Amino acid sequence: MSEGIEITQSTSLGTKETTQVGIQNNINNLQVGLSPSNAVEMAFRIFQEHYPQLRQEALAEVRQLVLEEMRKIQPEDIVPPTPKIAVPILENASITEEQELRSLYARLLANSMNRTIKDKVYPGFVEVLNQLCVDEAKLLPYIYSKKAVPTITLRRERKDKTGEGVDLIKCFSDIGEKVNCDNPLNINLYFDNLIRLGLLARSPTFSSLTDKTLYESLKTHPYIVANEKSIHQYAEPYNQPSFSEGYVSLTDFGREFCEKTVINVVTVHLPPLKL
């Protein structure tokens, strides 16, 4: 006897068909001690029951990537996949053109079959990954390695220094260049998206890092210098450049996401102590 999962699909005639997709009890009953190839095969079998016709070439690459990640896990820690994680991961990975993102999907799926960390692979991670571009994925390991990343905002203010004015360039950072982003000057847009997804948080208003030397390279960056000079060309009184210092940092959710997706964290099993 098998457990049934109902799938409702709209047909070309506008009607709905409900089918039962069976998942064998013997797969569900297996808890630990699977081989990497068996675990990967189970994940793909579950997925192909749901979506039998998708890009086979992309899936073949993802299958190999998942297998490579699974080989990093101790055999006794390998557990069967859960459809709630495996199905959306493989669906998204099969239509993703960027190889870098397919690698992240593979790592996330492998971690969901690792007994030691699977409970921290949240279903929401799949949807977050689905809304990242390659440049944003490149930023996360760097941000993960820092407690906070300094940012500056270039403002155009009144000459009488009342503080009244507008932001010209918001939340600028040079880390896009440090990690070889394709579009490093889109950094403020990337930050906006990462904040929207709950991975990053901006510093509170009027908060900045204590070490002011961290802002010097940002204020002298050629892109900022060129825009700072252009402010003087505006009509008075709004032609005074000013900087607002801040930072971005990972949220707890963002740090957990990084550890299960973009950071290659492998559980290390130490041999027992000899007393």
# chains A, B, ... in the order shown; residues from 1 in each chain; ligands from 1
$ residues_around --residues "stretch 190-197 of chain A" --least-positions-apart "6" --cutoff "8 Å" --atoms "only C-alpha atoms" --output "number ranges by chain"
A: 128, 135-136, 171
$ write_last_selection --atoms "all heavy atoms" --output "PDB file, in the first residue's frame"
ATOM      1  N   VAL A 128      13.333  31.740  -1.731  1.00  0.00           N
ATOM      2  CA  VAL A 128      14.335  32.811  -1.684  1.00  0.00           C
ATOM      3  C   VAL A 128      15.358  32.624  -2.796  1.00  0.00           C
ATOM      4  O   VAL A 128      15.683  33.570  -3.528  1.00  0.00           O
ATOM      5  CB  VAL A 128      15.040  32.841  -0.311  1.00  0.00           C
ATOM      6  CG1 VAL A 128      16.268  33.748  -0.357  1.00  0.00           C
ATOM      7  CG2 VAL A 128      14.086  33.317   0.771  1.00  0.00           C
ATOM      8  N   ASP A 135      24.501  37.677  -9.450  1.00  0.00           N
ATOM      9  CA  ASP A 135      25.284  38.690  -8.737  1.00  0.00           C
ATOM     10  C   ASP A 135      24.947  38.711  -7.252  1.00  0.00           C
ATOM     11  O   ASP A 135      25.833  38.828  -6.396  1.00  0.00           O
ATOM     12  CB  ASP A 135      25.033  40.078  -9.330  1.00  0.00           C
ATOM     13  CG  ASP A 135      25.941  40.377 -10.519  1.00  0.00           C
ATOM     14  OD1 ASP A 135      26.792  39.522 -10.846  1.00  0.00           O
ATOM     15  OD2 ASP A 135      25.786  41.455 -11.129  1.00  0.00           O
ATOM     16  N   GLU A 136      23.663  38.599  -6.926  1.00  0.00           N
ATOM     17  CA  GLU A 136      23.258  38.610  -5.517  1.00  0.00           C
ATOM     18  C   GLU A 136      23.783  37.384  -4.788  1.00  0.00           C
ATOM     19  O   GLU A 136      24.204  37.470  -3.626  1.00  0.00           O
ATOM     20  CB  GLU A 136      21.733  38.679  -5.429  1.00  0.00           C
ATOM     21  CG  GLU A 136      21.179  40.020  -5.864  1.00  0.00           C
ATOM     22  CD  GLU A 136      19.701  39.993  -6.170  1.00  0.00           C
ATOM     23  OE1 GLU A 136      19.118  38.885  -6.276  1.00  0.00           O
ATOM     24  OE2 GLU A 136      19.106  41.074  -6.322  1.00  0.00           O
ATOM     25  N   CYS A 171      22.989  53.763  -0.487  1.00  0.00           N
ATOM     26  CA  CYS A 171      23.535  52.483  -0.004  1.00  0.00           C
ATOM     27  C   CYS A 171      24.595  51.923  -0.947  1.00  0.00           C
ATOM     28  O   CYS A 171      24.505  50.793  -1.416  1.00  0.00           O
ATOM     29  CB  CYS A 171      22.389  51.491   0.167  1.00  0.00           C
ATOM     30  SG  CYS A 171      22.656  50.223   1.422  1.00  0.00           S
TER      31      CYS A 171
END
$ residues_around --residues "stretch 72-81 of chain A" --least-positions-apart "2" --cutoff "6 Å" --atoms "only C-alpha atoms" --output "ChimeraX atom specification"
/A:31-34,39,43,69-70,113-115
$ write_last_selection --atoms "N, CA, C and O atoms" --output "compact mmCIF listing (two decimals), in the first residue's frame"
# COMPACT_ATOMS: atom_id res chain seq x y z
N GLN A 31 15.23 5.64 7.23
CA GLN A 31 15.56 6.83 8.01
C GLN A 31 16.99 7.29 7.82
O GLN A 31 17.24 8.45 7.58
N VAL A 32 17.92 6.39 7.94
CA VAL A 32 19.33 6.77 7.84
C VAL A 32 20.09 5.68 7.11
O VAL A 32 19.60 4.58 6.91
N GLY A 33 21.32 6.00 6.72
CA GLY A 33 22.21 5.01 6.17
C GLY A 33 22.06 4.77 4.69
O GLY A 33 22.47 3.73 4.18
N LEU A 34 21.50 5.73 3.94
CA LEU A 34 21.37 5.58 2.50
C LEU A 34 22.70 5.89 1.82
O LEU A 34 23.51 6.67 2.32
N ALA A 39 19.90 8.04 -2.40
CA ALA A 39 19.18 9.23 -1.93
C ALA A 39 18.85 10.15 -3.09
O ALA A 39 17.73 10.68 -3.19
N ALA A 43 15.07 11.30 -4.67
CA ALA A 43 14.64 12.68 -4.89
C ALA A 43 14.14 12.88 -6.31
O ALA A 43 13.09 13.49 -6.54
N GLU A 69 27.62 16.70 -3.98
CA GLU A 69 27.40 17.24 -2.64
C GLU A 69 27.10 16.12 -1.64
O GLU A 69 27.54 16.17 -0.49
N MET A 70 26.33 15.12 -2.06
CA MET A 70 25.96 14.02 -1.16
C MET A 70 27.18 13.22 -0.72
O MET A 70 27.21 12.68 0.39
N MET A 113 18.91 16.34 2.80
CA MET A 113 19.02 14.89 3.02
C MET A 113 20.16 14.55 3.97
O MET A 113 20.62 13.41 4.02
N ASN A 114 20.63 15.55 4.71
CA ASN A 114 21.67 15.37 5.71
C ASN A 114 21.02 15.40 7.09
O ASN A 114 20.49 16.44 7.51
N ARG A 115 21.00 14.29 7.77
CA ARG A 115 20.30 14.17 9.05
C ARG A 115 20.72 15.23 10.05
O ARG A 115 19.90 15.71 10.85
$ residues_around --residues "A:Ser249" --least-positions-apart "5" --cutoff "12 Å" --atoms "only C-alpha atoms" --output "list in words"
Leu139, Leu140, Pro141, Tyr142, Ile143, Tyr144, Ser145, Lys146, Lys147, Ala148, Val149, Pro150, Thr151, Phe191, Leu194, Ile195, Gly198, Leu199, Leu200, Ala201, Arg202, Ser203, Pro204, Ser208, Leu209, Gly254 and Arg255 of chain A
$ write_last_selection --atoms "N, CA, C and O atoms" --output "mmCIF file, in the first residue's frame"
data_model
loop_
_atom_site.group_PDB
_atom_site.id
_atom_site.type_symbol
_atom_site.label_atom_id
_atom_site.label_comp_id
_atom_site.auth_asym_id
_atom_site.auth_seq_id
_atom_site.Cartn_x
_atom_site.Cartn_y
_atom_site.Cartn_z
ATOM 1 N N LEU A 139 27.347 37.927 -3.758
ATOM 2 C CA LEU A 139 27.551 38.836 -2.633
ATOM 3 C C LEU A 139 27.471 38.123 -1.289
ATOM 4 O O LEU A 139 28.173 38.490 -0.337
ATOM 5 N N LEU A 140 26.614 37.117 -1.185
ATOM 6 C CA LEU A 140 26.287 36.539 0.117
ATOM 7 C C LEU A 140 27.480 35.900 0.837
ATOM 8 O O LEU A 140 27.632 36.109 2.047
ATOM 9 N N PRO A 141 28.347 35.121 0.165
ATOM 10 C CA PRO A 141 29.492 34.574 0.905
ATOM 11 C C PRO A 141 30.393 35.650 1.499
ATOM 12 O O PRO A 141 30.913 35.491 2.612
ATOM 13 N N TYR A 142 30.575 36.747 0.755
ATOM 14 C CA TYR A 142 31.411 37.846 1.270
ATOM 15 C C TYR A 142 30.762 38.476 2.494
ATOM 16 O O TYR A 142 31.420 38.698 3.524
ATOM 17 N N ILE A 143 29.459 38.762 2.401
ATOM 18 C CA ILE A 143 28.762 39.375 3.534
ATOM 19 C C ILE A 143 28.756 38.425 4.724
ATOM 20 O O ILE A 143 28.886 38.851 5.875
ATOM 21 N N TYR A 144 28.641 37.130 4.445
ATOM 22 C CA TYR A 144 28.646 36.122 5.513
ATOM 23 C C TYR A 144 29.955 36.159 6.297
ATOM 24 O O TYR A 144 29.981 35.924 7.512
ATOM 25 N N SER A 145 31.042 36.449 5.596
ATOM 26 C CA SER A 145 32.358 36.454 6.239
ATOM 27 C C SER A 145 32.605 37.705 7.086
ATOM 28 O O SER A 145 33.589 37.770 7.820
ATOM 29 N N LYS A 146 31.714 38.687 6.986
ATOM 30 C CA LYS A 146 31.862 39.938 7.731
ATOM 31 C C LYS A 146 30.720 40.092 8.726
ATOM 32 O O LYS A 146 29.610 39.626 8.507
ATOM 33 N N LYS A 147 30.981 40.796 9.804
ATOM 34 C CA LYS A 147 29.897 41.119 10.732
ATOM 35 C C LYS A 147 28.986 42.188 10.139
ATOM 36 O O LYS A 147 27.783 42.183 10.359
ATOM 37 N N ALA A 148 29.590 43.115 9.400
ATOM 38 C CA ALA A 148 28.826 44.184 8.768
ATOM 39 C C ALA A 148 29.622 44.719 7.584
ATOM 40 O O ALA A 148 30.853 44.695 7.588
ATOM 41 N N VAL A 149 28.906 45.183 6.565
ATOM 42 C CA VAL A 149 29.538 45.740 5.372
ATOM 43 C C VAL A 149 29.213 47.235 5.318
ATOM 44 O O VAL A 149 28.031 47.612 5.301
ATOM 45 N N PRO A 150 30.234 48.112 5.305
ATOM 46 C CA PRO A 150 29.980 49.557 5.304
ATOM 47 C C PRO A 150 29.328 50.017 4.003
ATOM 48 O O PRO A 150 29.627 49.497 2.922
ATOM 49 N N THR A 151 28.451 50.990 4.103
ATOM 50 C CA THR A 151 27.809 51.601 2.943
ATOM 51 C C THR A 151 27.774 53.109 3.134
ATOM 52 O O THR A 151 27.836 53.609 4.260
ATOM 53 N N PHE A 191 21.043 45.054 -2.773
ATOM 54 C CA PHE A 191 20.772 45.161 -1.334
ATOM 55 C C PHE A 191 19.267 45.253 -1.081
ATOM 56 O O PHE A 191 18.742 44.631 -0.152
ATOM 57 N N LEU A 194 17.798 41.774 -1.403
ATOM 58 C CA LEU A 194 18.208 40.905 -0.295
ATOM 59 C C LEU A 194 17.517 41.302 1.005
ATOM 60 O O LEU A 194 17.203 40.441 1.839
ATOM 61 N N ILE A 195 17.267 42.592 1.164
ATOM 62 C CA ILE A 195 16.516 43.061 2.341
ATOM 63 C C ILE A 195 15.058 42.633 2.228
ATOM 64 O O ILE A 195 14.449 42.174 3.199
ATOM 65 N N GLY A 198 14.474 39.202 3.271
ATOM 66 C CA GLY A 198 14.732 38.918 4.676
ATOM 67 C C GLY A 198 16.134 38.418 4.972
ATOM 68 O O GLY A 198 16.413 37.978 6.092
ATOM 69 N N LEU A 199 17.032 38.499 3.991
ATOM 70 C CA LEU A 199 18.402 38.018 4.195
ATOM 71 C C LEU A 199 19.302 39.087 4.804
ATOM 72 O O LEU A 199 20.214 38.769 5.572
ATOM 73 N N LEU A 200 19.051 40.338 4.452
ATOM 74 C CA LEU A 200 19.873 41.459 4.941
ATOM 75 C C LEU A 200 19.016 42.444 5.721
ATOM 76 O O LEU A 200 17.800 42.506 5.561
ATOM 77 N N ALA A 201 19.696 43.238 6.541
ATOM 78 C CA ALA A 201 19.056 44.353 7.243
ATOM 79 C C ALA A 201 19.954 45.578 7.122
ATOM 80 O O ALA A 201 21.187 45.461 7.191
ATOM 81 N N ARG A 202 19.350 46.749 6.915
ATOM 82 C CA ARG A 202 20.103 48.006 6.914
ATOM 83 C C ARG A 202 20.310 48.484 8.347
ATOM 84 O O ARG A 202 19.541 48.162 9.244
ATOM 85 N N SER A 203 21.333 49.282 8.518
ATOM 86 C CA SER A 203 21.583 49.885 9.827
ATOM 87 C C SER A 203 20.479 50.879 10.153
ATOM 88 O O SER A 203 19.872 51.474 9.260
ATOM 89 N N PRO A 204 20.194 51.056 11.439
ATOM 90 C CA PRO A 204 19.210 52.076 11.828
ATOM 91 C C PRO A 204 19.661 53.463 11.383
ATOM 92 O O PRO A 204 20.845 53.710 11.148
ATOM 93 N N SER A 208 26.277 54.053 12.330
ATOM 94 C CA SER A 208 27.388 53.755 11.432
ATOM 95 C C SER A 208 28.433 52.947 12.185
ATOM 96 O O SER A 208 28.356 52.797 13.411
ATOM 97 N N LEU A 209 29.399 52.432 11.451
ATOM 98 C CA LEU A 209 30.469 51.660 12.066
ATOM 99 C C LEU A 209 31.433 52.598 12.789
ATOM 100 O O LEU A 209 31.672 53.726 12.349
ATOM 101 N N GLY A 254 19.071 35.122 7.181
ATOM 102 C CA GLY A 254 20.049 35.206 6.107
ATOM 103 C C GLY A 254 21.285 34.374 6.373
ATOM 104 O O GLY A 254 21.826 33.720 5.475
ATOM 105 N N ARG A 255 21.750 34.381 7.620
ATOM 106 C CA ARG A 255 22.931 33.586 7.963
ATOM 107 C C ARG A 255 22.633 32.096 7.820
ATOM 108 O O ARG A 255 23.452 31.335 7.305
#
$ atom_distance --atom1 "atom CA of A:Ser244" --atom2 "atom CA of A:Lys170"
9.1 Å
$ closest_residue --among "A:Lys84, A:Lys138, A:Met42, A:Ile95" --to "A:Pro184" --atoms "only C-alpha atoms"
A:Lys138
$ atom_distance --atom1 "atom CA of A:Arg155" --atom2 "atom CA of A:Asn239"
9.5 Å
$ select_by_dssp --residues "stretch 142-252 of chain A" --states "alpha helix (DSSP H)" --output "PyMOL selection string"
chain A and resi 142-144+175-178+187-196+216-219+222-231+252
$ closest_residue --among "A:Ile169, A:Val225, A:Ala60, A:Ile85" --to "A:Asn186" --atoms "only C-alpha atoms"
A:Ile169
$ residues_around --residues "A:Gln240" --least-positions-apart "5" --cutoff "9 Å" --atoms "only C-alpha atoms" --output "list in words"
Arg155, Arg156, Glu157, Arg158, Lys159, Asp160, Lys161, Gly165, Glu228, Ile231, His232 and Tyr234 of chain A
$ write_last_selection --atoms "N, CA and C atoms" --output "JSON list (two decimals), in the first residue's frame"
[["chain", "number", "residue", "atom", "x", "y", "z"],
["A", 155, "ARG", "N", 24.40, 62.44, -0.81],
["A", 155, "ARG", "CA", 23.25, 63.32, -0.79],
["A", 155, "ARG", "C", 23.56, 64.68, -1.43],
["A", 156, "ARG", "N", 22.50, 65.31, -1.91],
["A", 156, "ARG", "CA", 22.58, 66.69, -2.43],
["A", 156, "ARG", "C", 21.77, 67.56, -1.48],
["A", 157, "GLU", "N", 22.48, 68.42, -0.71],
["A", 157, "GLU", "CA", 21.82, 69.18, 0.35],
["A", 157, "GLU", "C", 21.96, 70.68, 0.14],
["A", 158, "ARG", "N", 21.27, 71.43, 0.98],
["A", 158, "ARG", "CA", 21.36, 72.89, 0.97],
["A", 158, "ARG", "C", 22.73, 73.34, 1.47],
["A", 159, "LYS", "N", 23.19, 74.46, 0.92],
["A", 159, "LYS", "CA", 24.48, 74.99, 1.33],
["A", 159, "LYS", "C", 24.48, 75.52, 2.75],
["A", 160, "ASP", "N", 23.31, 75.85, 3.27],
["A", 160, "ASP", "CA", 23.26, 76.38, 4.63],
["A", 160, "ASP", "C", 23.34, 75.29, 5.69],
["A", 161, "LYS", "N", 23.56, 74.06, 5.25],
["A", 161, "LYS", "CA", 23.81, 72.92, 6.15],
["A", 161, "LYS", "C", 22.66, 72.65, 7.13],
["A", 165, "GLY", "N", 17.62, 68.00, 1.89],
["A", 165, "GLY", "CA", 18.15, 67.61, 0.59],
["A", 165, "GLY", "C", 17.58, 66.29, 0.13],
["A", 228, "GLU", "N", 29.84, 63.21, -7.04],
["A", 228, "GLU", "CA", 30.00, 64.29, -6.06],
["A", 228, "GLU", "C", 30.30, 65.61, -6.76],
["A", 231, "ILE", "N", 27.30, 67.43, -8.36],
["A", 231, "ILE", "CA", 26.36, 68.12, -7.47],
["A", 231, "ILE", "C", 26.61, 69.63, -7.46],
["A", 232, "HIS", "N", 27.87, 70.01, -7.61],
["A", 232, "HIS", "CA", 28.20, 71.44, -7.60],
["A", 232, "HIS", "C", 27.61, 72.17, -8.80],
["A", 234, "TYR", "N", 24.53, 71.87, -9.81],
["A", 234, "TYR", "CA", 23.12, 72.16, -9.58],
["A", 234, "TYR", "C", 22.97, 73.62, -9.13]]
$ select_by_dssp --residues "stretch 42-252 of chain A" --states "strand (DSSP E or B)" --output "PyMOL selection string"
chain A and resi 78+114+149-157+165-172+200-202+240-250
$ write_last_selection --atoms "N, CA, C and O atoms" --output "CSV table (one decimal), in the first residue's frame"
chain,number,residue,atom,x,y,z
A,78,ILE,N,22.9,10.1,5.9
A,78,ILE,CA,22.0,10.4,4.7
A,78,ILE,C,20.6,9.8,4.9
A,78,ILE,O,20.4,8.7,5.3
A,114,ASN,N,20.6,15.5,4.7
A,114,ASN,CA,21.7,15.4,5.7
A,114,ASN,C,21.0,15.4,7.1
A,114,ASN,O,20.5,16.4,7.5
A,149,VAL,N,28.9,45.2,6.6
A,149,VAL,CA,29.5,45.7,5.4
A,149,VAL,C,29.2,47.2,5.3
A,149,VAL,O,28.0,47.6,5.3
A,150,PRO,N,30.2,48.1,5.3
A,150,PRO,CA,30.0,49.6,5.3
A,150,PRO,C,29.3,50.0,4.0
A,150,PRO,O,29.6,49.5,2.9
A,151,THR,N,28.5,51.0,4.1
A,151,THR,CA,27.8,51.6,2.9
A,151,THR,C,27.8,53.1,3.1
A,151,THR,O,27.8,53.6,4.3
A,152,ILE,N,27.7,53.8,2.0
A,152,ILE,CA,27.5,55.3,2.1
A,152,ILE,C,26.4,55.7,1.2
A,152,ILE,O,26.1,55.0,0.2
A,153,THR,N,25.7,56.8,1.5
A,153,THR,CA,24.7,57.4,0.7
A,153,THR,C,25.2,58.8,0.3
A,153,THR,O,25.5,59.6,1.2
A,154,LEU,N,25.3,59.1,-0.9
A,154,LEU,CA,25.7,60.5,-1.4
A,154,LEU,C,24.4,61.3,-1.5
A,154,LEU,O,23.5,60.9,-2.2
A,155,ARG,N,24.4,62.4,-0.8
A,155,ARG,CA,23.2,63.3,-0.8
A,155,ARG,C,23.6,64.7,-1.4
A,155,ARG,O,24.7,65.1,-1.5
A,156,ARG,N,22.5,65.3,-1.9
A,156,ARG,CA,22.6,66.7,-2.4
A,156,ARG,C,21.8,67.6,-1.5
A,156,ARG,O,20.5,67.5,-1.4
A,157,GLU,N,22.5,68.4,-0.7
A,157,GLU,CA,21.8,69.2,0.3
A,157,GLU,C,22.0,70.7,0.1
A,157,GLU,O,22.7,71.1,-0.7
A,165,GLY,N,17.6,68.0,1.9
A,165,GLY,CA,18.2,67.6,0.6
A,165,GLY,C,17.6,66.3,0.1
A,165,GLY,O,16.6,65.8,0.7
A,166,VAL,N,18.2,65.7,-0.9
A,166,VAL,CA,17.8,64.4,-1.4
A,166,VAL,C,18.9,63.5,-1.6
A,166,VAL,O,20.1,63.9,-1.7
A,167,ASP,N,18.6,62.2,-1.6
A,167,ASP,CA,19.7,61.2,-1.8
A,167,ASP,C,19.9,61.0,-3.3
A,167,ASP,O,19.0,60.9,-4.1
A,168,LEU,N,21.2,61.1,-3.7
A,168,LEU,CA,21.6,60.9,-5.1
A,168,LEU,C,22.0,59.5,-5.4
A,168,LEU,O,21.5,58.9,-6.4
A,169,ILE,N,22.8,58.9,-4.5
A,169,ILE,CA,23.2,57.5,-4.7
A,169,ILE,C,23.0,56.8,-3.3
A,169,ILE,O,23.6,57.2,-2.3
A,170,LYS,N,22.1,55.9,-3.2
A,170,LYS,CA,21.8,55.2,-2.0
A,170,LYS,C,22.6,54.0,-1.7
A,170,LYS,O,22.9,53.2,-2.6
A,171,CYS,N,23.0,53.8,-0.5
A,171,CYS,CA,23.5,52.5,0.0
A,171,CYS,C,24.6,51.9,-0.9
A,171,CYS,O,24.5,50.8,-1.4
A,172,PHE,N,25.6,52.7,-1.2
A,172,PHE,CA,26.7,52.3,-2.1
A,172,PHE,C,27.7,51.5,-1.4
A,172,PHE,O,28.1,51.8,-0.2
A,200,LEU,N,19.1,40.3,4.5
A,200,LEU,CA,19.9,41.5,4.9
A,200,LEU,C,19.0,42.4,5.7
A,200,LEU,O,17.8,42.5,5.6
A,201,ALA,N,19.7,43.2,6.5
A,201,ALA,CA,19.1,44.4,7.2
A,201,ALA,C,20.0,45.6,7.1
A,201,ALA,O,21.2,45.5,7.2
A,202,ARG,N,19.3,46.7,6.9
A,202,ARG,CA,20.1,48.0,6.9
A,202,ARG,C,20.3,48.5,8.3
A,202,ARG,O,19.5,48.2,9.2
A,240,GLN,N,25.2,71.2,-2.4
A,240,GLN,CA,26.2,70.8,-1.5
A,240,GLN,C,26.3,69.3,-1.3
A,240,GLN,O,25.3,68.7,-0.8
A,241,PRO,N,27.4,68.6,-1.7
A,241,PRO,CA,27.4,67.2,-1.4
A,241,PRO,C,27.6,66.8,0.0
A,241,PRO,O,28.2,67.6,0.8
A,242,SER,N,27.0,65.7,0.4
A,242,SER,CA,27.1,65.3,1.8
A,242,SER,C,27.0,63.7,1.8
A,242,SER,O,26.4,63.1,0.9
A,243,PHE,N,27.6,63.2,2.8
A,243,PHE,CA,27.6,61.7,2.9
A,243,PHE,C,26.9,61.3,4.2
A,243,PHE,O,27.0,61.9,5.2
A,244,SER,N,26.1,60.2,4.0
A,244,SER,CA,25.5,59.5,5.1
A,244,SER,C,26.1,58.1,5.2
A,244,SER,O,26.1,57.4,4.2
A,245,GLU,N,26.7,57.8,6.4
A,245,GLU,CA,27.3,56.5,6.6
A,245,GLU,C,26.4,55.5,7.2
A,245,GLU,O,25.5,55.8,8.0
A,246,GLY,N,26.5,54.2,6.8
A,246,GLY,CA,25.7,53.1,7.4
A,246,GLY,C,26.3,51.8,7.1
A,246,GLY,O,27.5,51.7,6.9
A,247,TYR,N,25.6,50.8,7.2
A,247,TYR,CA,26.1,49.4,6.9
A,247,TYR,C,24.9,48.4,6.7
A,247,TYR,O,23.7,48.8,7.0
A,248,VAL,N,25.2,47.3,6.1
A,248,VAL,CA,24.3,46.2,6.0
A,248,VAL,C,24.8,45.0,6.7
A,248,VAL,O,26.1,44.8,6.7
A,249,SER,N,24.0,44.1,7.2
A,249,SER,CA,24.4,42.9,7.8
A,249,SER,C,23.4,41.8,7.6
A,249,SER,O,22.2,42.1,7.3
A,250,LEU,N,23.8,40.6,7.7
A,250,LEU,CA,22.9,39.4,7.6
A,250,LEU,C,21.9,39.4,8.8
A,250,LEU,O,22.3,39.6,9.9
$ closest_residue --among "A:Asp119, A:Glu100, A:Asp252, A:Glu164" --to "A:Ala137" --atoms "only C-alpha atoms"
A:Glu100
$ closest_residue --among "A:Glu98, A:Leu90, A:Lys219, A:Gln64" --to "A:Glu49" --atoms "only C-alpha atoms"
A:Leu90
$ atom_distance --atom1 "atom CA of A:Cys133" --atom2 "atom CA of A:Asn92"
13.1 Å
